[in-house]
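Data from coords_38.pdb: PDB, N, CA, C and O atoms
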```
ATOM      1  N   MET K   1     -36.642   0.994 -13.388
ATOM      2  CA  MET K   1     -36.313   0.056 -12.334
ATOM      3  C   MET K   1     -34.884  -0.459 -12.493
ATOM      4  O   MET K   1     -34.271  -0.886 -11.531
ATOM      5  N   ALA K   2     -34.365  -0.405 -13.705
ATOM      6  CA  ALA K   2     -32.985  -0.835 -13.925
ATOM      7  C   ALA K   2     -32.026   0.023 -13.121
ATOM      8  O   ALA K   2     -30.991  -0.456 -12.653
ATOM      9  N   HIS K   3     -32.394   1.283 -12.928
ATOM     10  CA  HIS K   3     -31.561   2.196 -12.150
ATOM     11  C   HIS K   3     -31.357   1.654 -10.736
ATOM     12  O   HIS K   3     -30.230   1.635 -10.226
ATOM     13  N   ASN K   4     -32.444   1.206 -10.106
ATOM     14  CA  ASN K   4     -32.339   0.642  -8.757
ATOM     15  C   ASN K   4     -31.528  -0.648  -8.753
ATOM     16  O   ASN K   4     -30.798  -0.926  -7.805
ATOM     17  N   GLN K   5     -31.653  -1.440  -9.811
ATOM     18  CA  GLN K   5     -30.883  -2.677  -9.895
ATOM     19  C   GLN K   5     -29.388  -2.374  -9.999
ATOM     20  O   GLN K   5     -28.565  -3.087  -9.424
ATOM     21  N   ASP K   6     -29.054  -1.305 -10.717
ATOM     22  CA  ASP K   6     -27.651  -0.893 -10.794
ATOM     23  C   ASP K   6     -27.130  -0.529  -9.407
ATOM     24  O   ASP K   6     -26.016  -0.909  -9.038
ATOM     25  N   HIS K   7     -27.947   0.195  -8.649
ATOM     26  CA  HIS K   7     -27.549   0.550  -7.290
ATOM     27  C   HIS K   7     -27.386  -0.698  -6.430
ATOM     28  O   HIS K   7     -26.436  -0.791  -5.650
ATOM     29  N   ALA K   8     -28.292  -1.643  -6.566
ATOM     30  CA  ALA K   8     -28.222  -2.870  -5.772
ATOM     31  C   ALA K   8     -26.919  -3.608  -6.033
ATOM     32  O   ALA K   8     -26.295  -4.124  -5.103
ATOM     33  N   MET K   9     -26.491  -3.643  -7.286
ATOM     34  CA  MET K   9     -25.226  -4.308  -7.608
ATOM     35  C   MET K   9     -24.069  -3.587  -6.914
ATOM     36  O   MET K   9     -23.161  -4.226  -6.375
ATOM     37  N   GLU K  10     -24.103  -2.265  -6.924
ATOM     38  CA  GLU K  10     -23.062  -1.486  -6.253
ATOM     39  C   GLU K  10     -23.098  -1.742  -4.748
ATOM     40  O   GLU K  10     -22.060  -1.905  -4.110
ATOM     41  N   TYR K  11     -24.298  -1.782  -4.186
ATOM     42  CA  TYR K  11     -24.428  -2.012  -2.754
ATOM     43  C   TYR K  11     -23.928  -3.394  -2.359
ATOM     44  O   TYR K  11     -23.372  -3.569  -1.272
ATOM     45  N   ASN K  12     -24.103  -4.378  -3.228
ATOM     46  CA  ASN K  12     -23.583  -5.714  -2.945
ATOM     47  C   ASN K  12     -22.066  -5.688  -2.810
ATOM     48  O   ASN K  12     -21.497  -6.407  -1.981
ATOM     49  N   THR K  13     -21.418  -4.848  -3.595
ATOM     50  CA  THR K  13     -19.968  -4.685  -3.482
ATOM     51  C   THR K  13     -19.626  -4.138  -2.096
ATOM     52  O   THR K  13     -18.678  -4.592  -1.450
ATOM     53  N   TRP K  14     -20.442  -3.184  -1.635
ATOM     54  CA  TRP K  14     -20.211  -2.615  -0.309
ATOM     55  C   TRP K  14     -20.485  -3.631   0.793
ATOM     56  O   TRP K  14     -19.804  -3.626   1.831
ATOM     57  N   VAL K  15     -21.457  -4.503   0.583
ATOM     58  CA  VAL K  15     -21.720  -5.563   1.565
ATOM     59  C   VAL K  15     -20.462  -6.411   1.739
ATOM     60  O   VAL K  15     -20.031  -6.693   2.872
ATOM     61  N   GLU K  16     -19.866  -6.807   0.633
ATOM     62  CA  GLU K  16     -18.644  -7.612   0.689
ATOM     63  C   GLU K  16     -17.527  -6.863   1.406
ATOM     64  O   GLU K  16     -16.820  -7.440   2.246
ATOM     65  N   LYS K  17     -17.353  -5.592   1.078
ATOM     66  CA  LYS K  17     -16.310  -4.787   1.718
ATOM     67  C   LYS K  17     -16.541  -4.684   3.219
ATOM     68  O   LYS K  17     -15.603  -4.823   4.013
ATOM     69  N   MET K  18     -17.768  -4.429   3.614
ATOM     70  CA  MET K  18     -18.073  -4.291   5.037
ATOM     71  C   MET K  18     -17.855  -5.599   5.782
ATOM     72  O   MET K  18     -17.326  -5.611   6.899
ATOM     73  N   ASN K  19     -18.228  -6.717   5.154
ATOM     74  CA  ASN K  19     -17.985  -8.021   5.781
ATOM     75  C   ASN K  19     -16.498  -8.269   5.954
ATOM     76  O   ASN K  19     -16.062  -8.760   6.999
ATOM     77  N   ARG K  20     -15.706  -7.905   4.947
ATOM     78  CA  ARG K  20     -14.250  -8.094   5.049
ATOM     79  C   ARG K  20     -13.658  -7.247   6.171
ATOM     80  O   ARG K  20     -12.677  -7.646   6.802
ATOM     81  N   LEU K  21     -14.251  -6.072   6.411
ATOM     82  CA  LEU K  21     -13.760  -5.182   7.466
ATOM     83  C   LEU K  21     -14.340  -5.523   8.831
ATOM     84  O   LEU K  21     -14.042  -4.860   9.824
ATOM     85  N   GLY K  22     -15.183  -6.557   8.872
ATOM     86  CA  GLY K  22     -15.791  -6.956  10.137
ATOM     87  C   GLY K  22     -16.951  -6.069  10.550
ATOM     88  O   GLY K  22     -17.391  -6.111  11.697
ATOM     89  N   LYS K  23     -17.443  -5.271   9.635
ATOM     90  CA  LYS K  23     -18.568  -4.372   9.900
ATOM     91  C   LYS K  23     -19.864  -5.082   9.505
ATOM     92  O   LYS K  23     -20.587  -4.659   8.613
ATOM     93  N   ASN K  24     -20.140  -6.179  10.203
ATOM     94  CA  ASN K  24     -21.265  -7.035   9.849
ATOM     95  C   ASN K  24     -22.610  -6.352  10.027
ATOM     96  O   ASN K  24     -23.543  -6.618   9.264
ATOM     97  N   ASP K  25     -22.731  -5.458  11.007
ATOM     98  CA  ASP K  25     -23.991  -4.742  11.203
ATOM     99  C   ASP K  25     -24.289  -3.842  10.005
ATOM    100  O   ASP K  25     -25.438  -3.745   9.562
ATOM    101  N   VAL K  26     -23.243  -3.197   9.489
ATOM    102  CA  VAL K  26     -23.418  -2.343   8.314
ATOM    103  C   VAL K  26     -23.819  -3.202   7.120
ATOM    104  O   VAL K  26     -24.728  -2.860   6.362
ATOM    105  N   ALA K  27     -23.150  -4.337   6.961
ATOM    106  CA  ALA K  27     -23.457  -5.254   5.859
ATOM    107  C   ALA K  27     -24.909  -5.713   5.938
ATOM    108  O   ALA K  27     -25.614  -5.746   4.924
ATOM    109  N   GLU K  28     -25.365  -6.056   7.133
ATOM    110  CA  GLU K  28     -26.752  -6.504   7.300
ATOM    111  C   GLU K  28     -27.737  -5.391   6.951
ATOM    112  O   GLU K  28     -28.774  -5.640   6.342
ATOM    113  N   SER K  29     -27.417  -4.163   7.337
ATOM    114  CA  SER K  29     -28.282  -3.034   6.989
ATOM    115  C   SER K  29     -28.358  -2.848   5.485
ATOM    116  O   SER K  29     -29.429  -2.575   4.927
ATOM    117  N   LEU K  30     -27.232  -2.990   4.826
ATOM    118  CA  LEU K  30     -27.213  -2.875   3.370
ATOM    119  C   LEU K  30     -28.014  -3.991   2.714
ATOM    120  O   LEU K  30     -28.765  -3.742   1.758
ATOM    121  N   ILE K  31     -27.887  -5.195   3.221
ATOM    122  CA  ILE K  31     -28.642  -6.327   2.686
ATOM    123  C   ILE K  31     -30.142  -6.070   2.819
ATOM    124  O   ILE K  31     -30.913  -6.322   1.889
ATOM    125  N   GLU K  32     -30.546  -5.543   3.970
ATOM    126  CA  GLU K  32     -31.964  -5.235   4.180
ATOM    127  C   GLU K  32     -32.419  -4.146   3.207
ATOM    128  O   GLU K  32     -33.506  -4.233   2.627
ATOM    129  N   ALA K  33     -31.591  -3.128   3.014
ATOM    130  CA  ALA K  33     -31.933  -2.048   2.090
ATOM    131  C   ALA K  33     -32.070  -2.571   0.666
ATOM    132  O   ALA K  33     -32.988  -2.176  -0.064
ATOM    133  N   ILE K  34     -31.198  -3.474   0.260
ATOM    134  CA  ILE K  34     -31.266  -4.071  -1.075
ATOM    135  C   ILE K  34     -32.574  -4.833  -1.248
ATOM    136  O   ILE K  34     -33.244  -4.720  -2.278
ATOM    137  N   ALA K  35     -32.950  -5.589  -0.230
ATOM    138  CA  ALA K  35     -34.200  -6.354  -0.293
ATOM    139  C   ALA K  35     -35.405  -5.421  -0.384
ATOM    140  O   ALA K  35     -36.344  -5.674  -1.153
ATOM    141  N   LEU K  36     -35.374  -4.332   0.366
ATOM    142  CA  LEU K  36     -36.483  -3.372   0.332
ATOM    143  C   LEU K  36     -36.565  -2.675  -1.027
ATOM    144  O   LEU K  36     -37.667  -2.438  -1.544
ATOM    145  N   MET K  37     -35.420  -2.372  -1.617
ATOM    146  CA  MET K  37     -35.417  -1.772  -2.956
ATOM    147  C   MET K  37     -36.020  -2.733  -3.970
ATOM    148  O   MET K  37     -36.787  -2.323  -4.848
ATOM    149  N   SER K  38     -35.701  -4.006  -3.842
ATOM    150  CA  SER K  38     -36.248  -5.006  -4.744
ATOM    151  C   SER K  38     -37.763  -5.092  -4.602
ATOM    152  O   SER K  38     -38.491  -5.175  -5.600
ATOM    153  N   GLU K  39     -38.224  -5.054  -3.369
ATOM    154  CA  GLU K  39     -39.668  -5.093  -3.115
ATOM    155  C   GLU K  39     -40.342  -3.847  -3.690
ATOM    156  O   GLU K  39     -41.408  -3.937  -4.303
ATOM    157  N   ALA K  40     -39.720  -2.692  -3.520
ATOM    158  CA  ALA K  40     -40.263  -1.455  -4.077
ATOM    159  C   ALA K  40     -40.344  -1.544  -5.595
ATOM    160  O   ALA K  40     -41.333  -1.109  -6.203
ATOM    161  N   ASP K  41     -39.315  -2.104  -6.212
ATOM    162  CA  ASP K  41     -39.325  -2.266  -7.667
ATOM    163  C   ASP K  41     -40.515  -3.102  -8.129
ATOM    164  O   ASP K  41     -41.157  -2.784  -9.127
ATOM    165  N   LYS K  42     -40.821  -4.167  -7.384
ATOM    166  CA  LYS K  42     -41.962  -5.017  -7.737
ATOM    167  C   LYS K  42     -43.257  -4.209  -7.720
ATOM    168  O   LYS K  42     -44.093  -4.350  -8.614
ATOM    169  N   HIS K  43     -43.393  -3.363  -6.718
ATOM    170  CA  HIS K  43     -44.600  -2.540  -6.617
ATOM    171  C   HIS K  43     -44.653  -1.500  -7.734
ATOM    172  O   HIS K  43     -45.730  -1.226  -8.275
ATOM    173  N   LEU K  44     -43.524  -0.930  -8.077
ATOM    174  CA  LEU K  44     -43.485   0.045  -9.160
ATOM    175  C   LEU K  44     -43.837  -0.594 -10.499
ATOM    176  O   LEU K  44     -44.577  -0.013 -11.306
ATOM    177  N   VAL K  45     -43.343  -1.796 -10.742
ATOM    178  CA  VAL K  45     -43.661  -2.519 -11.972
ATOM    179  C   VAL K  45     -45.149  -2.826 -12.015
ATOM    180  O   VAL K  45     -45.812  -2.647 -13.052
ATOM    181  N   ALA K  46     -45.710  -3.262 -10.896
ATOM    182  CA  ALA K  46     -47.144  -3.563 -10.843
ATOM    183  C   ALA K  46     -47.968  -2.306 -11.104
ATOM    184  O   ALA K  46     -48.960  -2.359 -11.849
ATOM    185  N   ALA K  47     -47.554  -1.188 -10.524
ATOM    186  CA  ALA K  47     -48.284   0.063 -10.743
ATOM    187  C   ALA K  47     -48.217   0.475 -12.209
ATOM    188  O   ALA K  47     -49.222   0.915 -12.795
ATOM    189  N   LYS K  48     -47.064   0.315 -12.817
ATOM    190  CA  LYS K  48     -46.911   0.651 -14.236
ATOM    191  C   LYS K  48     -47.814  -0.213 -15.096
ATOM    192  O   LYS K  48     -48.452   0.290 -16.048
ATOM    193  N   LYS K  49     -47.910  -1.505 -14.782
ATOM    194  CA  LYS K  49     -48.794  -2.402 -15.520
ATOM    195  C   LYS K  49     -50.245  -1.971 -15.394
ATOM    196  O   LYS K  49     -51.016  -2.043 -16.349
ATOM    197  N   GLU K  50     -50.622  -1.534 -14.192
ATOM    198  CA  GLU K  50     -51.992  -1.091 -13.947
ATOM    199  C   GLU K  50     -52.345   0.139 -14.786
ATOM    200  O   GLU K  50     -53.495   0.333 -15.157
ATOM    201  N   LEU K  51     -51.346   0.966 -15.062
ATOM    202  CA  LEU K  51     -51.578   2.159 -15.870
ATOM    203  C   LEU K  51     -51.764   1.821 -17.345
ATOM    204  O   LEU K  51     -52.305   2.622 -18.104
ATOM    205  N   GLY K  52     -51.308   0.638 -17.713
ATOM    206  CA  GLY K  52     -51.502   0.178 -19.093
ATOM    207  C   GLY K  52     -50.369   0.559 -19.949
ATOM    208  O   GLY K  52     -50.199   0.677 -21.036
TER     209      GLY K  52
END
```
Rewrite the coordinates I just gave you, this time as structure tokens.
Amino acid sequence: MAHNQDHAMEYNTWVEKMNRLGKNDVAESLIEAIALMSEADKHLVAAKKELG
């Protein structure tokens, strides 16, 4: 899951860049993708716990 967190940090950099360029729709899409990745990570961690 750390791998996805590394990507999220990189994507946050892109969010800032897109906002600076006035590409707010792109930034919003990236923000949504980051949130979905975080949610997926939670499910993956829960599944791993279930496996023991």
Rounded to one decimal in Å, what is the spacing between atom N of K:Glu32 and atom CA of K:Lys49?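 Atom N of K:Glu32 sits 26.9 Å away from atom CA of K:Lys49.
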Could the centre and edge lengths of an axis-aligned box, enclosing all atoms of stretch 13-27 of chain K in the file with 6 Å extra on each side, be given in Å to one decimal as lines of an AutoDock Vina configuration file?
```
center_x = -19.1
center_y = -5.6
center_z = 4.1
size_x = 24.9
size_y = 18.4
size_z = 27.3
```
Would you please work out which residue, of K:Lys48, K:Ile34, K:His43, K:Asn24, is nearest to K:Asn12 when using only N, CA, C and O atoms?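 Going through K:Lys48, K:Ile34, K:His43, K:Asn24 one by one, the smallest distance to K:Asn12 is for K:Ile34.
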Which of these, K:Ala2, K:Leu51, K:Leu36, K:Val26, has the shortest distance to K:Trp14 once you count all atoms listed in the file?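 Of K:Ala2, K:Leu51, K:Leu36, K:Val26, the one nearest K:Trp14 is K:Val26, counting all atoms listed in the file.
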Considering only C-alpha atoms, return as a PyMOL selection string whatever protein or nucleic-acid residues lie within 9 Å of K:Ala8, sequence-local ones (same chain, fewer than 4 positions apart) excluded. chain K and resi 3-4+12-13+33-35+37-38
Give me the residues near K:Glu16 as a list in words, where near means some atom within 12 Å (using only C-alpha atoms) and where sequence neighbours in that chain fewer than 6 positions away do not count.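 My list of contacting residues is Met9, Glu10, Gly22, Lys23, Asn24, Val26, Ala27, Glu28, Leu30 and Ile31 of chain K.
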Store the residues picked out above in a file with N, CA, C and O atoms, as a short mmCIF file (atom, residue, chain, number, x, y, z; two decimals), in the coordinates of the input.
```
data_model
loop_
_atom_site.label_atom_id
_atom_site.label_comp_id
_atom_site.auth_asym_id
_atom_site.auth_seq_id
_atom_site.Cartn_x
_atom_site.Cartn_y
_atom_site.Cartn_z
N MET K 9 -26.49 -3.64 -7.29
CA MET K 9 -25.23 -4.31 -7.61
C MET K 9 -24.07 -3.59 -6.91
O MET K 9 -23.16 -4.23 -6.38
N GLU K 10 -24.10 -2.26 -6.92
CA GLU K 10 -23.06 -1.49 -6.25
C GLU K 10 -23.10 -1.74 -4.75
O GLU K 10 -22.06 -1.90 -4.11
N GLY K 22 -15.18 -6.56 8.87
CA GLY K 22 -15.79 -6.96 10.14
C GLY K 22 -16.95 -6.07 10.55
O GLY K 22 -17.39 -6.11 11.70
N LYS K 23 -17.44 -5.27 9.64
CA LYS K 23 -18.57 -4.37 9.90
C LYS K 23 -19.86 -5.08 9.51
O LYS K 23 -20.59 -4.66 8.61
N ASN K 24 -20.14 -6.18 10.20
CA ASN K 24 -21.26 -7.04 9.85
C ASN K 24 -22.61 -6.35 10.03
O ASN K 24 -23.54 -6.62 9.26
N VAL K 26 -23.24 -3.20 9.49
CA VAL K 26 -23.42 -2.34 8.31
C VAL K 26 -23.82 -3.20 7.12
O VAL K 26 -24.73 -2.86 6.36
N ALA K 27 -23.15 -4.34 6.96
CA ALA K 27 -23.46 -5.25 5.86
C ALA K 27 -24.91 -5.71 5.94
O ALA K 27 -25.61 -5.75 4.92
N GLU K 28 -25.36 -6.06 7.13
CA GLU K 28 -26.75 -6.50 7.30
C GLU K 28 -27.74 -5.39 6.95
O GLU K 28 -28.77 -5.64 6.34
N LEU K 30 -27.23 -2.99 4.83
CA LEU K 30 -27.21 -2.88 3.37
C LEU K 30 -28.01 -3.99 2.71
O LEU K 30 -28.76 -3.74 1.76
N ILE K 31 -27.89 -5.20 3.22
CA ILE K 31 -28.64 -6.33 2.69
C ILE K 31 -30.14 -6.07 2.82
O ILE K 31 -30.91 -6.32 1.89
#
```
Pairwise distance for atom O of K:Tyr11 and atom C of K:Val45, rounded to one decimal in Å: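 Pair atom O of K:Tyr11 / atom C of K:Val45 returns 24.3 Å.
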